[in-house]
Amino acid sequence: MAHTHDHSGHDHTRHDHRAGHVHGSTDKKRVLIAACLTGGFMIAEALGGLFTGSLALLADAGHMLADSIALGLAWYAFHLAGRPATGRLTYGFGRVKTLVAYTNGIAIFVIALWIVYEAWGRLQAPVPVLGGPMLVVAILGLVVNIGCFFVLHGGDRESLNMRGAILHVLGDLLGSAAAIVAALVILATGWTPIDPILSVLVSLLILYTAWSLMREAAHVLLEGVPPTLDRDLIARDLETTIPGVREVHHMHVWSLDGTSNMATLHACLGEGVDAYQAVSAVKKRLAREHGISHATVEPEFGQCTDTGGDHDHDHGHDAAPHHGHYH
């Protein structure tokens, strides 16, 4: 049975990216400003940590390094969004962000583990810490992070890119606050172990961020169903709302880059049903109600073309998407 390549349902492309057209340019600038501020102060904070002997400052600098990379990736994602696909890269460059994010997560893990190792050594043999200069650098870091937060705060709240960027900056705010607390304790009591203790707390924050980043990136790379979608519920929705669709099976739902959702499926139609109209209705329903921006639908009458026999009544037993069905 030949595939129906109808794209009349592709009004979802406009639906899916409408907000991006409105906010994309300003969001791209906001993220770039935040990345530059974070990356620039990260260097100053790292130098301050080396000068003062503060591991808390170095830990926060490590966190800011990770987040400046993440913000840079967010900016790059906006930059790549306008680039067209090619004959070799038919989906464009959307997954570059995911690949780099996974690698970035591994790098963050290494930084955090080094901080924990160094903190353990300093707890065993405390080193002098210059509380005054440490406090100045930490306060400056807090000011920079507050500035980044307000720069990003005016962006598109519906954009996953922007929401992720804001979460990274909030993490930096916590790191700067921890360094300020450590500096105040050292100035008030001279108790330097507070510096490595709070450094470990910041490292745990970094490890949590890295694990979340790697887990989300791996889920996308493994073409898992996006966490906001339920494949079986979507299949049942199509069966009950689209006239002429008796059954949906061999359905696969995945994300190209964590934001652009896609699907392939077989739609078993009743006798006499117009395949063009049915496929168009399925695509429109997927776009408008489920946020699936690209769908390939194979209409069937009678037997399933993949099995040559009775329909597989599960909504998707295949281990991977039918890559030959990409359109």
# chains A, B, ... in the order shown; residues from 1 in each chain; ligands from 1

call {"tool": "residues_around", "arguments": {"residues": "Ala179 in chain A", "least_positions_apart": "5", "cutoff": "7 Å", "atoms": "only C-alpha atoms", "output": "PDB file with C-alpha atoms, in the first residue's frame"}}
result
ATOM      1  CA  ALA A  56      33.739  27.838  47.130  1.00  0.00           C
ATOM      2  CA  LEU A  57      34.604  30.472  44.530  1.00  0.00           C
ATOM      3  CA  ALA A 138      31.162  36.532  45.618  1.00  0.00           C
TER       4      ALA A 138
END

call {"tool": "residues_around", "arguments": {"residues": "range 197-199 of chain A", "least_positions_apart": "6", "cutoff": "7 Å", "atoms": "only C-alpha atoms", "output": "list in words"}}
result
Leu55, Ala56, Ala59, Ala119, Ala178 and Ala182 of chain A

call {"tool": "closest_residue", "arguments": {"among": "A:Thr86, A:Ser260, A:Ser255, A:Thr103", "to": "Ala70 in chain A", "atoms": "only C-alpha atoms"}}
result
A:Thr103

call {"tool": "select_by_dssp", "arguments": {"residues": "range 142-268 of chain A", "states": "strand (DSSP E)", "output": "ChimeraX atom specification"}}
result
/A:245-255,261-268

call {"tool": "select_by_dssp", "arguments": {"residues": "range 233-296 of chain A", "states": "helix (DSSP H, G or I)", "output": "PDB file with all heavy atoms, in the first residue's frame"}}
result
ATOM      1  N   LEU A 233      -2.270   6.991  24.461  1.00  0.00           N
ATOM      2  CA  LEU A 233      -3.415   7.899  24.580  1.00  0.00           C
ATOM      3  C   LEU A 233      -3.643   8.664  23.282  1.00  0.00           C
ATOM      4  O   LEU A 233      -4.783   8.904  22.872  1.00  0.00           O
ATOM      5  CB  LEU A 233      -3.199   8.873  25.734  1.00  0.00           C
ATOM      6  CG  LEU A 233      -3.329   8.293  27.148  1.00  0.00           C
ATOM      7  CD1 LEU A 233      -3.055   9.370  28.191  1.00  0.00           C
ATOM      8  CD2 LEU A 233      -4.717   7.689  27.357  1.00  0.00           C
ATOM      9  N   ILE A 234      -2.538   9.047  22.619  1.00  0.00           N
ATOM     10  CA  ILE A 234      -2.667   9.751  21.343  1.00  0.00           C
ATOM     11  C   ILE A 234      -3.301   8.841  20.297  1.00  0.00           C
ATOM     12  O   ILE A 234      -4.187   9.249  19.535  1.00  0.00           O
ATOM     13  CB  ILE A 234      -1.291  10.255  20.861  1.00  0.00           C
ATOM     14  CG1 ILE A 234      -0.749  11.318  21.812  1.00  0.00           C
ATOM     15  CG2 ILE A 234      -1.390  10.811  19.441  1.00  0.00           C
ATOM     16  CD1 ILE A 234       0.679  11.743  21.512  1.00  0.00           C
ATOM     17  N   ALA A 235      -2.871   7.580  20.260  1.00  0.00           N
ATOM     18  CA  ALA A 235      -3.433   6.640  19.296  1.00  0.00           C
ATOM     19  C   ALA A 235      -4.929   6.452  19.529  1.00  0.00           C
ATOM     20  O   ALA A 235      -5.732   6.461  18.585  1.00  0.00           O
ATOM     21  CB  ALA A 235      -2.706   5.298  19.389  1.00  0.00           C
ATOM     22  N   ARG A 236      -5.322   6.296  20.791  1.00  0.00           N
ATOM     23  CA  ARG A 236      -6.749   6.129  21.087  1.00  0.00           C
ATOM     24  C   ARG A 236      -7.537   7.398  20.749  1.00  0.00           C
ATOM     25  O   ARG A 236      -8.687   7.333  20.304  1.00  0.00           O
ATOM     26  CB  ARG A 236      -6.933   5.758  22.565  1.00  0.00           C
ATOM     27  CG  ARG A 236      -6.531   4.325  22.867  1.00  0.00           C
ATOM     28  CD  ARG A 236      -7.063   3.878  24.225  1.00  0.00           C
ATOM     29  NE  ARG A 236      -6.392   4.556  25.322  1.00  0.00           N
ATOM     30  CZ  ARG A 236      -5.275   4.106  25.892  1.00  0.00           C
ATOM     31  NH1 ARG A 236      -4.712   2.986  25.448  1.00  0.00           N
ATOM     32  NH2 ARG A 236      -4.727   4.757  26.900  1.00  0.00           N
ATOM     33  N   ASP A 237      -6.898   8.560  20.960  1.00  0.00           N
ATOM     34  CA  ASP A 237      -7.554   9.816  20.611  1.00  0.00           C
ATOM     35  C   ASP A 237      -7.848   9.881  19.111  1.00  0.00           C
ATOM     36  O   ASP A 237      -8.935  10.290  18.693  1.00  0.00           O
ATOM     37  CB  ASP A 237      -6.671  10.990  21.029  1.00  0.00           C
ATOM     38  CG  ASP A 237      -7.224  12.330  20.573  1.00  0.00           C
ATOM     39  OD1 ASP A 237      -8.299  12.711  21.067  1.00  0.00           O
ATOM     40  OD2 ASP A 237      -6.591  12.976  19.716  1.00  0.00           O
ATOM     41  N   LEU A 238      -6.883   9.449  18.297  1.00  0.00           N
ATOM     42  CA  LEU A 238      -7.092   9.463  16.849  1.00  0.00           C
ATOM     43  C   LEU A 238      -8.190   8.486  16.445  1.00  0.00           C
ATOM     44  O   LEU A 238      -9.002   8.777  15.562  1.00  0.00           O
ATOM     45  CB  LEU A 238      -5.781   9.102  16.136  1.00  0.00           C
ATOM     46  CG  LEU A 238      -4.612  10.082  16.305  1.00  0.00           C
ATOM     47  CD1 LEU A 238      -3.358   9.533  15.637  1.00  0.00           C
ATOM     48  CD2 LEU A 238      -4.966  11.457  15.748  1.00  0.00           C
ATOM     49  N   GLU A 239      -8.224   7.332  17.103  1.00  0.00           N
ATOM     50  CA  GLU A 239      -9.235   6.330  16.767  1.00  0.00           C
ATOM     51  C   GLU A 239     -10.655   6.798  17.096  1.00  0.00           C
ATOM     52  O   GLU A 239     -11.614   6.421  16.424  1.00  0.00           O
ATOM     53  CB  GLU A 239      -8.935   5.025  17.522  1.00  0.00           C
ATOM     54  CG  GLU A 239      -7.666   4.321  17.042  1.00  0.00           C
ATOM     55  CD  GLU A 239      -7.265   3.187  17.969  1.00  0.00           C
ATOM     56  OE1 GLU A 239      -7.842   3.083  19.080  1.00  0.00           O
ATOM     57  OE2 GLU A 239      -6.366   2.407  17.586  1.00  0.00           O
ATOM     58  N   THR A 240     -10.765   7.618  18.120  1.00  0.00           N
ATOM     59  CA  THR A 240     -12.099   8.027  18.576  1.00  0.00           C
ATOM     60  C   THR A 240     -12.556   9.370  18.007  1.00  0.00           C
ATOM     61  O   THR A 240     -13.746   9.685  18.082  1.00  0.00           O
ATOM     62  CB  THR A 240     -12.135   8.108  20.111  1.00  0.00           C
ATOM     63  OG1 THR A 240     -11.106   8.992  20.567  1.00  0.00           O
ATOM     64  CG2 THR A 240     -11.916   6.732  20.729  1.00  0.00           C
ATOM     65  N   THR A 241     -11.642  10.153  17.470  1.00  0.00           N
ATOM     66  CA  THR A 241     -12.033  11.494  17.002  1.00  0.00           C
ATOM     67  C   THR A 241     -11.971  11.664  15.483  1.00  0.00           C
ATOM     68  O   THR A 241     -12.626  12.569  14.955  1.00  0.00           O
ATOM     69  CB  THR A 241     -11.131  12.573  17.640  1.00  0.00           C
ATOM     70  OG1 THR A 241      -9.766  12.347  17.267  1.00  0.00           O
ATOM     71  CG2 THR A 241     -11.261  12.561  19.158  1.00  0.00           C
ATOM     72  N   ALA A 275      -8.800   8.296   1.731  1.00  0.00           N
ATOM     73  CA  ALA A 275      -7.508   8.236   2.419  1.00  0.00           C
ATOM     74  C   ALA A 275      -6.894   9.624   2.576  1.00  0.00           C
ATOM     75  O   ALA A 275      -6.307   9.948   3.620  1.00  0.00           O
ATOM     76  CB  ALA A 275      -6.555   7.318   1.666  1.00  0.00           C
ATOM     77  N   TYR A 276      -7.017  10.445   1.529  1.00  0.00           N
ATOM     78  CA  TYR A 276      -6.442  11.786   1.588  1.00  0.00           C
ATOM     79  C   TYR A 276      -7.048  12.588   2.739  1.00  0.00           C
ATOM     80  O   TYR A 276      -6.340  13.210   3.535  1.00  0.00           O
ATOM     81  CB  TYR A 276      -6.673  12.504   0.259  1.00  0.00           C
ATOM     82  CG  TYR A 276      -6.160  13.927   0.217  1.00  0.00           C
ATOM     83  CD1 TYR A 276      -4.874  14.207  -0.230  1.00  0.00           C
ATOM     84  CD2 TYR A 276      -6.966  14.984   0.623  1.00  0.00           C
ATOM     85  CE1 TYR A 276      -4.398  15.516  -0.268  1.00  0.00           C
ATOM     86  CE2 TYR A 276      -6.500  16.285   0.598  1.00  0.00           C
ATOM     87  CZ  TYR A 276      -5.218  16.543   0.151  1.00  0.00           C
ATOM     88  OH  TYR A 276      -4.754  17.830   0.136  1.00  0.00           O
ATOM     89  N   GLN A 277      -8.365  12.576   2.829  1.00  0.00           N
ATOM     90  CA  GLN A 277      -9.042  13.331   3.878  1.00  0.00           C
ATOM     91  C   GLN A 277      -8.709  12.787   5.261  1.00  0.00           C
ATOM     92  O   GLN A 277      -8.510  13.549   6.224  1.00  0.00           O
ATOM     93  CB  GLN A 277     -10.561  13.292   3.639  1.00  0.00           C
ATOM     94  CG  GLN A 277     -11.010  13.998   2.377  1.00  0.00           C
ATOM     95  CD  GLN A 277     -10.722  15.494   2.418  1.00  0.00           C
ATOM     96  OE1 GLN A 277     -10.718  16.114   3.480  1.00  0.00           O
ATOM     97  NE2 GLN A 277     -10.479  16.082   1.246  1.00  0.00           N
ATOM     98  N   ALA A 278      -8.628  11.470   5.389  1.00  0.00           N
ATOM     99  CA  ALA A 278      -8.333  10.861   6.684  1.00  0.00           C
ATOM    100  C   ALA A 278      -6.920  11.204   7.151  1.00  0.00           C
ATOM    101  O   ALA A 278      -6.700  11.576   8.313  1.00  0.00           O
ATOM    102  CB  ALA A 278      -8.507   9.349   6.606  1.00  0.00           C
ATOM    103  N   VAL A 279      -5.960  11.082   6.250  1.00  0.00           N
ATOM    104  CA  VAL A 279      -4.573  11.388   6.611  1.00  0.00           C
ATOM    105  C   VAL A 279      -4.429  12.860   6.973  1.00  0.00           C
ATOM    106  O   VAL A 279      -3.752  13.229   7.938  1.00  0.00           O
ATOM    107  CB  VAL A 279      -3.620  11.017   5.455  1.00  0.00           C
ATOM    108  CG1 VAL A 279      -2.218  11.575   5.712  1.00  0.00           C
ATOM    109  CG2 VAL A 279      -3.552   9.508   5.295  1.00  0.00           C
ATOM    110  N   SER A 280      -5.084  13.721   6.192  1.00  0.00           N
ATOM    111  CA  SER A 280      -5.036  15.152   6.489  1.00  0.00           C
ATOM    112  C   SER A 280      -5.611  15.446   7.871  1.00  0.00           C
ATOM    113  O   SER A 280      -5.039  16.224   8.647  1.00  0.00           O
ATOM    114  CB  SER A 280      -5.818  15.922   5.425  1.00  0.00           C
ATOM    115  OG  SER A 280      -5.836  17.303   5.721  1.00  0.00           O
ATOM    116  N   ALA A 281      -6.721  14.795   8.205  1.00  0.00           N
ATOM    117  CA  ALA A 281      -7.348  15.016   9.511  1.00  0.00           C
ATOM    118  C   ALA A 281      -6.459  14.520  10.641  1.00  0.00           C
ATOM    119  O   ALA A 281      -6.352  15.153  11.703  1.00  0.00           O
ATOM    120  CB  ALA A 281      -8.703  14.314   9.555  1.00  0.00           C
ATOM    121  N   VAL A 282      -5.794  13.383  10.437  1.00  0.00           N
ATOM    122  CA  VAL A 282      -4.885  12.840  11.462  1.00  0.00           C
ATOM    123  C   VAL A 282      -3.735  13.812  11.717  1.00  0.00           C
ATOM    124  O   VAL A 282      -3.388  14.110  12.868  1.00  0.00           O
ATOM    125  CB  VAL A 282      -4.335  11.464  11.029  1.00  0.00           C
ATOM    126  CG1 VAL A 282      -3.160  11.056  11.912  1.00  0.00           C
ATOM    127  CG2 VAL A 282      -5.437  10.410  11.098  1.00  0.00           C
ATOM    128  N   LYS A 283      -3.162  14.325  10.644  1.00  0.00           N
ATOM    129  CA  LYS A 283      -2.028  15.236  10.800  1.00  0.00           C
ATOM    130  C   LYS A 283      -2.437  16.527  11.505  1.00  0.00           C
ATOM    131  O   LYS A 283      -1.709  17.038  12.366  1.00  0.00           O
ATOM    132  CB  LYS A 283      -1.412  15.555   9.434  1.00  0.00           C
ATOM    133  CG  LYS A 283      -0.683  14.375   8.816  1.00  0.00           C
ATOM    134  CD  LYS A 283       0.005  14.781   7.524  1.00  0.00           C
ATOM    135  CE  LYS A 283       0.830  13.630   6.971  1.00  0.00           C
ATOM    136  NZ  LYS A 283       1.585  14.029   5.764  1.00  0.00           N
ATOM    137  N   LYS A 284      -3.591  17.044  11.148  1.00  0.00           N
ATOM    138  CA  LYS A 284      -4.057  18.267  11.793  1.00  0.00           C
ATOM    139  C   LYS A 284      -4.324  18.037  13.274  1.00  0.00           C
ATOM    140  O   LYS A 284      -4.010  18.877  14.117  1.00  0.00           O
ATOM    141  CB  LYS A 284      -5.319  18.773  11.097  1.00  0.00           C
ATOM    142  CG  LYS A 284      -5.068  19.352   9.711  1.00  0.00           C
ATOM    143  CD  LYS A 284      -6.371  19.801   9.060  1.00  0.00           C
ATOM    144  CE  LYS A 284      -6.115  20.383   7.673  1.00  0.00           C
ATOM    145  NZ  LYS A 284      -7.372  20.792   6.990  1.00  0.00           N
ATOM    146  N   ARG A 285      -4.917  16.887  13.602  1.00  0.00           N
ATOM    147  CA  ARG A 285      -5.191  16.569  14.999  1.00  0.00           C
ATOM    148  C   ARG A 285      -3.901  16.424  15.793  1.00  0.00           C
ATOM    149  O   ARG A 285      -3.779  16.929  16.922  1.00  0.00           O
ATOM    150  CB  ARG A 285      -5.990  15.261  15.068  1.00  0.00           C
ATOM    151  CG  ARG A 285      -6.374  14.819  16.484  1.00  0.00           C
ATOM    152  CD  ARG A 285      -7.517  15.636  17.004  1.00  0.00           C
ATOM    153  NE  ARG A 285      -7.888  15.211  18.356  1.00  0.00           N
ATOM    154  CZ  ARG A 285      -8.838  15.793  19.080  1.00  0.00           C
ATOM    155  NH1 ARG A 285      -9.525  16.801  18.564  1.00  0.00           N
ATOM    156  NH2 ARG A 285      -9.123  15.370  20.287  1.00  0.00           N
ATOM    157  N   LEU A 286      -2.914  15.758  15.229  1.00  0.00           N
ATOM    158  CA  LEU A 286      -1.627  15.590  15.910  1.00  0.00           C
ATOM    159  C   LEU A 286      -0.960  16.937  16.173  1.00  0.00           C
ATOM    160  O   LEU A 286      -0.372  17.163  17.237  1.00  0.00           O
ATOM    161  CB  LEU A 286      -0.701  14.704  15.071  1.00  0.00           C
ATOM    162  CG  LEU A 286      -1.060  13.234  14.992  1.00  0.00           C
ATOM    163  CD1 LEU A 286      -0.164  12.523  13.981  1.00  0.00           C
ATOM    164  CD2 LEU A 286      -0.947  12.557  16.358  1.00  0.00           C
ATOM    165  N   ALA A 287      -1.057  17.845  15.190  1.00  0.00           N
ATOM    166  CA  ALA A 287      -0.409  19.146  15.338  1.00  0.00           C
ATOM    167  C   ALA A 287      -1.124  20.028  16.350  1.00  0.00           C
ATOM    168  O   ALA A 287      -0.488  20.609  17.238  1.00  0.00           O
ATOM    169  CB  ALA A 287      -0.341  19.847  13.987  1.00  0.00           C
ATOM    170  N   ARG A 288      -2.433  20.105  16.240  1.00  0.00           N
ATOM    171  CA  ARG A 288      -3.184  21.052  17.053  1.00  0.00           C
ATOM    172  C   ARG A 288      -3.380  20.594  18.494  1.00  0.00           C
ATOM    173  O   ARG A 288      -3.362  21.404  19.418  1.00  0.00           O
ATOM    174  CB  ARG A 288      -4.549  21.311  16.408  1.00  0.00           C
ATOM    175  CG  ARG A 288      -4.449  22.072  15.096  1.00  0.00           C
ATOM    176  CD  ARG A 288      -5.801  22.176  14.416  1.00  0.00           C
ATOM    177  NE  ARG A 288      -5.704  22.936  13.156  1.00  0.00           N
ATOM    178  CZ  ARG A 288      -6.683  23.025  12.266  1.00  0.00           C
ATOM    179  NH1 ARG A 288      -7.825  22.390  12.488  1.00  0.00           N
ATOM    180  NH2 ARG A 288      -6.529  23.731  11.164  1.00  0.00           N
ATOM    181  N   GLU A 289      -3.582  19.302  18.691  1.00  0.00           N
ATOM    182  CA  GLU A 289      -3.907  18.808  20.026  1.00  0.00           C
ATOM    183  C   GLU A 289      -2.725  18.201  20.758  1.00  0.00           C
ATOM    184  O   GLU A 289      -2.729  18.124  21.987  1.00  0.00           O
ATOM    185  CB  GLU A 289      -5.034  17.759  19.927  1.00  0.00           C
ATOM    186  CG  GLU A 289      -6.315  18.280  19.298  1.00  0.00           C
ATOM    187  CD  GLU A 289      -6.920  19.420  20.089  1.00  0.00           C
ATOM    188  OE1 GLU A 289      -6.783  19.417  21.330  1.00  0.00           O
ATOM    189  OE2 GLU A 289      -7.517  20.332  19.465  1.00  0.00           O
ATOM    190  N   HIS A 290      -1.705  17.760  20.031  1.00  0.00           N
ATOM    191  CA  HIS A 290      -0.615  17.031  20.682  1.00  0.00           C
ATOM    192  C   HIS A 290       0.772  17.628  20.422  1.00  0.00           C
ATOM    193  O   HIS A 290       1.761  17.102  20.909  1.00  0.00           O
ATOM    194  CB  HIS A 290      -0.633  15.562  20.238  1.00  0.00           C
ATOM    195  CG  HIS A 290      -1.944  14.876  20.512  1.00  0.00           C
ATOM    196  ND1 HIS A 290      -2.371  14.588  21.797  1.00  0.00           N
ATOM    197  CD2 HIS A 290      -2.935  14.455  19.685  1.00  0.00           C
ATOM    198  CE1 HIS A 290      -3.563  13.999  21.745  1.00  0.00           C
ATOM    199  NE2 HIS A 290      -3.932  13.915  20.479  1.00  0.00           N
TER     200      HIS A 290
END

call {"tool": "decode", "arguments": {"residues": "range 278-312 of chain A", "atoms": "N, CA and C atoms", "output": "PDB file, in the first residue's frame"}}
result
ATOM      1  N   ALA A 278      -8.628  11.470   5.389  1.00  0.00           N
ATOM      2  CA  ALA A 278      -8.333  10.861   6.684  1.00  0.00           C
ATOM      3  C   ALA A 278      -6.920  11.204   7.151  1.00  0.00           C
ATOM      4  N   VAL A 279      -5.960  11.082   6.250  1.00  0.00           N
ATOM      5  CA  VAL A 279      -4.573  11.388   6.611  1.00  0.00           C
ATOM      6  C   VAL A 279      -4.429  12.860   6.973  1.00  0.00           C
ATOM      7  N   SER A 280      -5.084  13.721   6.192  1.00  0.00           N
ATOM      8  CA  SER A 280      -5.036  15.152   6.489  1.00  0.00           C
ATOM      9  C   SER A 280      -5.611  15.446   7.871  1.00  0.00           C
ATOM     10  N   ALA A 281      -6.721  14.795   8.205  1.00  0.00           N
ATOM     11  CA  ALA A 281      -7.348  15.016   9.511  1.00  0.00           C
ATOM     12  C   ALA A 281      -6.459  14.520  10.641  1.00  0.00           C
ATOM     13  N   VAL A 282      -5.794  13.383  10.437  1.00  0.00           N
ATOM     14  CA  VAL A 282      -4.885  12.840  11.462  1.00  0.00           C
ATOM     15  C   VAL A 282      -3.735  13.812  11.717  1.00  0.00           C
ATOM     16  N   LYS A 283      -3.162  14.325  10.644  1.00  0.00           N
ATOM     17  CA  LYS A 283      -2.028  15.236  10.800  1.00  0.00           C
ATOM     18  C   LYS A 283      -2.437  16.527  11.505  1.00  0.00           C
ATOM     19  N   LYS A 284      -3.591  17.044  11.148  1.00  0.00           N
ATOM     20  CA  LYS A 284      -4.057  18.267  11.793  1.00  0.00           C
ATOM     21  C   LYS A 284      -4.324  18.037  13.274  1.00  0.00           C
ATOM     22  N   ARG A 285      -4.917  16.887  13.602  1.00  0.00           N
ATOM     23  CA  ARG A 285      -5.191  16.569  14.999  1.00  0.00           C
ATOM     24  C   ARG A 285      -3.901  16.424  15.793  1.00  0.00           C
ATOM     25  N   LEU A 286      -2.914  15.758  15.229  1.00  0.00           N
ATOM     26  CA  LEU A 286      -1.627  15.590  15.910  1.00  0.00           C
ATOM     27  C   LEU A 286      -0.960  16.937  16.173  1.00  0.00           C
ATOM     28  N   ALA A 287      -1.057  17.845  15.190  1.00  0.00           N
ATOM     29  CA  ALA A 287      -0.409  19.146  15.338  1.00  0.00           C
ATOM     30  C   ALA A 287      -1.124  20.028  16.350  1.00  0.00           C
ATOM     31  N   ARG A 288      -2.433  20.105  16.240  1.00  0.00           N
ATOM     32  CA  ARG A 288      -3.184  21.052  17.053  1.00  0.00           C
ATOM     33  C   ARG A 288      -3.380  20.594  18.494  1.00  0.00           C
ATOM     34  N   GLU A 289      -3.582  19.302  18.691  1.00  0.00           N
ATOM     35  CA  GLU A 289      -3.907  18.808  20.026  1.00  0.00           C
ATOM     36  C   GLU A 289      -2.725  18.201  20.758  1.00  0.00           C
ATOM     37  N   HIS A 290      -1.705  17.760  20.031  1.00  0.00           N
ATOM     38  CA  HIS A 290      -0.615  17.031  20.682  1.00  0.00           C
ATOM     39  C   HIS A 290       0.772  17.628  20.422  1.00  0.00           C
ATOM     40  N   GLY A 291       0.847  18.706  19.665  1.00  0.00           N
ATOM     41  CA  GLY A 291       2.126  19.368  19.453  1.00  0.00           C
ATOM     42  C   GLY A 291       3.121  18.558  18.655  1.00  0.00           C
ATOM     43  N   ILE A 292       2.649  17.671  17.794  1.00  0.00           N
ATOM     44  CA  ILE A 292       3.544  16.869  16.952  1.00  0.00           C
ATOM     45  C   ILE A 292       3.685  17.583  15.616  1.00  0.00           C
ATOM     46  N   SER A 293       4.856  18.136  15.378  1.00  0.00           N
ATOM     47  CA  SER A 293       5.046  19.055  14.264  1.00  0.00           C
ATOM     48  C   SER A 293       5.262  18.381  12.916  1.00  0.00           C
ATOM     49  N   HIS A 294       5.551  17.092  12.923  1.00  0.00           N
ATOM     50  CA  HIS A 294       5.756  16.397  11.646  1.00  0.00           C
ATOM     51  C   HIS A 294       5.277  14.961  11.824  1.00  0.00           C
ATOM     52  N   ALA A 295       4.393  14.522  10.947  1.00  0.00           N
ATOM     53  CA  ALA A 295       3.870  13.162  11.050  1.00  0.00           C
ATOM     54  C   ALA A 295       3.835  12.505   9.681  1.00  0.00           C
ATOM     55  N   THR A 296       4.169  11.235   9.639  1.00  0.00           N
ATOM     56  CA  THR A 296       4.038  10.425   8.438  1.00  0.00           C
ATOM     57  C   THR A 296       2.988   9.363   8.723  1.00  0.00           C
ATOM     58  N   VAL A 297       1.937   9.355   7.932  1.00  0.00           N
ATOM     59  CA  VAL A 297       0.800   8.471   8.167  1.00  0.00           C
ATOM     60  C   VAL A 297       0.655   7.519   6.988  1.00  0.00           C
ATOM     61  N   GLU A 298       0.625   6.230   7.268  1.00  0.00           N
ATOM     62  CA  GLU A 298       0.416   5.232   6.220  1.00  0.00           C
ATOM     63  C   GLU A 298      -1.019   4.709   6.312  1.00  0.00           C
ATOM     64  N   PRO A 299      -1.861   5.033   5.366  1.00  0.00           N
ATOM     65  CA  PRO A 299      -3.248   4.527   5.394  1.00  0.00           C
ATOM     66  C   PRO A 299      -3.303   3.079   4.935  1.00  0.00           C
ATOM     67  N   GLU A 300      -4.153   2.298   5.561  1.00  0.00           N
ATOM     68  CA  GLU A 300      -4.288   0.883   5.225  1.00  0.00           C
ATOM     69  C   GLU A 300      -5.770   0.512   5.137  1.00  0.00           C
ATOM     70  N   PHE A 301      -6.059  -0.438   4.267  1.00  0.00           N
ATOM     71  CA  PHE A 301      -7.391  -1.027   4.165  1.00  0.00           C
ATOM     72  C   PHE A 301      -7.222  -2.532   4.290  1.00  0.00           C
ATOM     73  N   GLY A 302      -7.844  -3.124   5.292  1.00  0.00           N
ATOM     74  CA  GLY A 302      -7.720  -4.567   5.459  1.00  0.00           C
ATOM     75  C   GLY A 302      -6.461  -4.927   6.212  1.00  0.00           C
ATOM     76  N   GLN A 303      -5.581  -5.717   5.581  1.00  0.00           N
ATOM     77  CA  GLN A 303      -4.396  -6.231   6.255  1.00  0.00           C
ATOM     78  C   GLN A 303      -3.311  -5.158   6.394  1.00  0.00           C
ATOM     79  N   CYS A 304      -2.534  -5.301   7.482  1.00  0.00           N
ATOM     80  CA  CYS A 304      -1.388  -4.411   7.692  1.00  0.00           C
ATOM     81  C   CYS A 304      -0.306  -4.737   6.690  1.00  0.00           C
ATOM     82  N   THR A 305       0.207  -3.755   6.003  1.00  0.00           N
ATOM     83  CA  THR A 305       1.201  -3.997   4.950  1.00  0.00           C
ATOM     84  C   THR A 305       2.534  -4.472   5.501  1.00  0.00           C
ATOM     85  N   ASP A 306       2.820  -4.218   6.769  1.00  0.00           N
ATOM     86  CA  ASP A 306       4.099  -4.647   7.336  1.00  0.00           C
ATOM     87  C   ASP A 306       4.073  -6.100   7.779  1.00  0.00           C
ATOM     88  N   THR A 307       2.894  -6.617   8.135  1.00  0.00           N
ATOM     89  CA  THR A 307       2.823  -7.980   8.660  1.00  0.00           C
ATOM     90  C   THR A 307       2.262  -8.965   7.652  1.00  0.00           C
ATOM     91  N   GLY A 308       1.448  -8.443   6.730  1.00  0.00           N
ATOM     92  CA  GLY A 308       0.829  -9.337   5.758  1.00  0.00           C
ATOM     93  C   GLY A 308      -0.266 -10.185   6.368  1.00  0.00           C
ATOM     94  N   GLY A 309      -0.640  -9.867   7.602  1.00  0.00           N
ATOM     95  CA  GLY A 309      -1.666 -10.656   8.279  1.00  0.00           C
ATOM     96  C   GLY A 309      -2.547  -9.758   9.093  1.00  0.00           C
ATOM     97  N   ASP A 310      -3.017 -10.294  10.225  1.00  0.00           N
ATOM     98  CA  ASP A 310      -3.893  -9.504  11.072  1.00  0.00           C
ATOM     99  C   ASP A 310      -3.161  -8.327  11.656  1.00  0.00           C
ATOM    100  N   HIS A 311      -3.914  -7.313  12.030  1.00  0.00           N
ATOM    101  CA  HIS A 311      -3.331  -6.125  12.634  1.00  0.00           C
ATOM    102  C   HIS A 311      -2.719  -6.463  13.982  1.00  0.00           C
ATOM    103  N   ASP A 312      -1.625  -5.827  14.245  1.00  0.00           N
ATOM    104  CA  ASP A 312      -1.050  -5.867  15.586  1.00  0.00           C
ATOM    105  C   ASP A 312      -1.783  -4.810  16.390  1.00  0.00           C
TER     106      ASP A 312
END
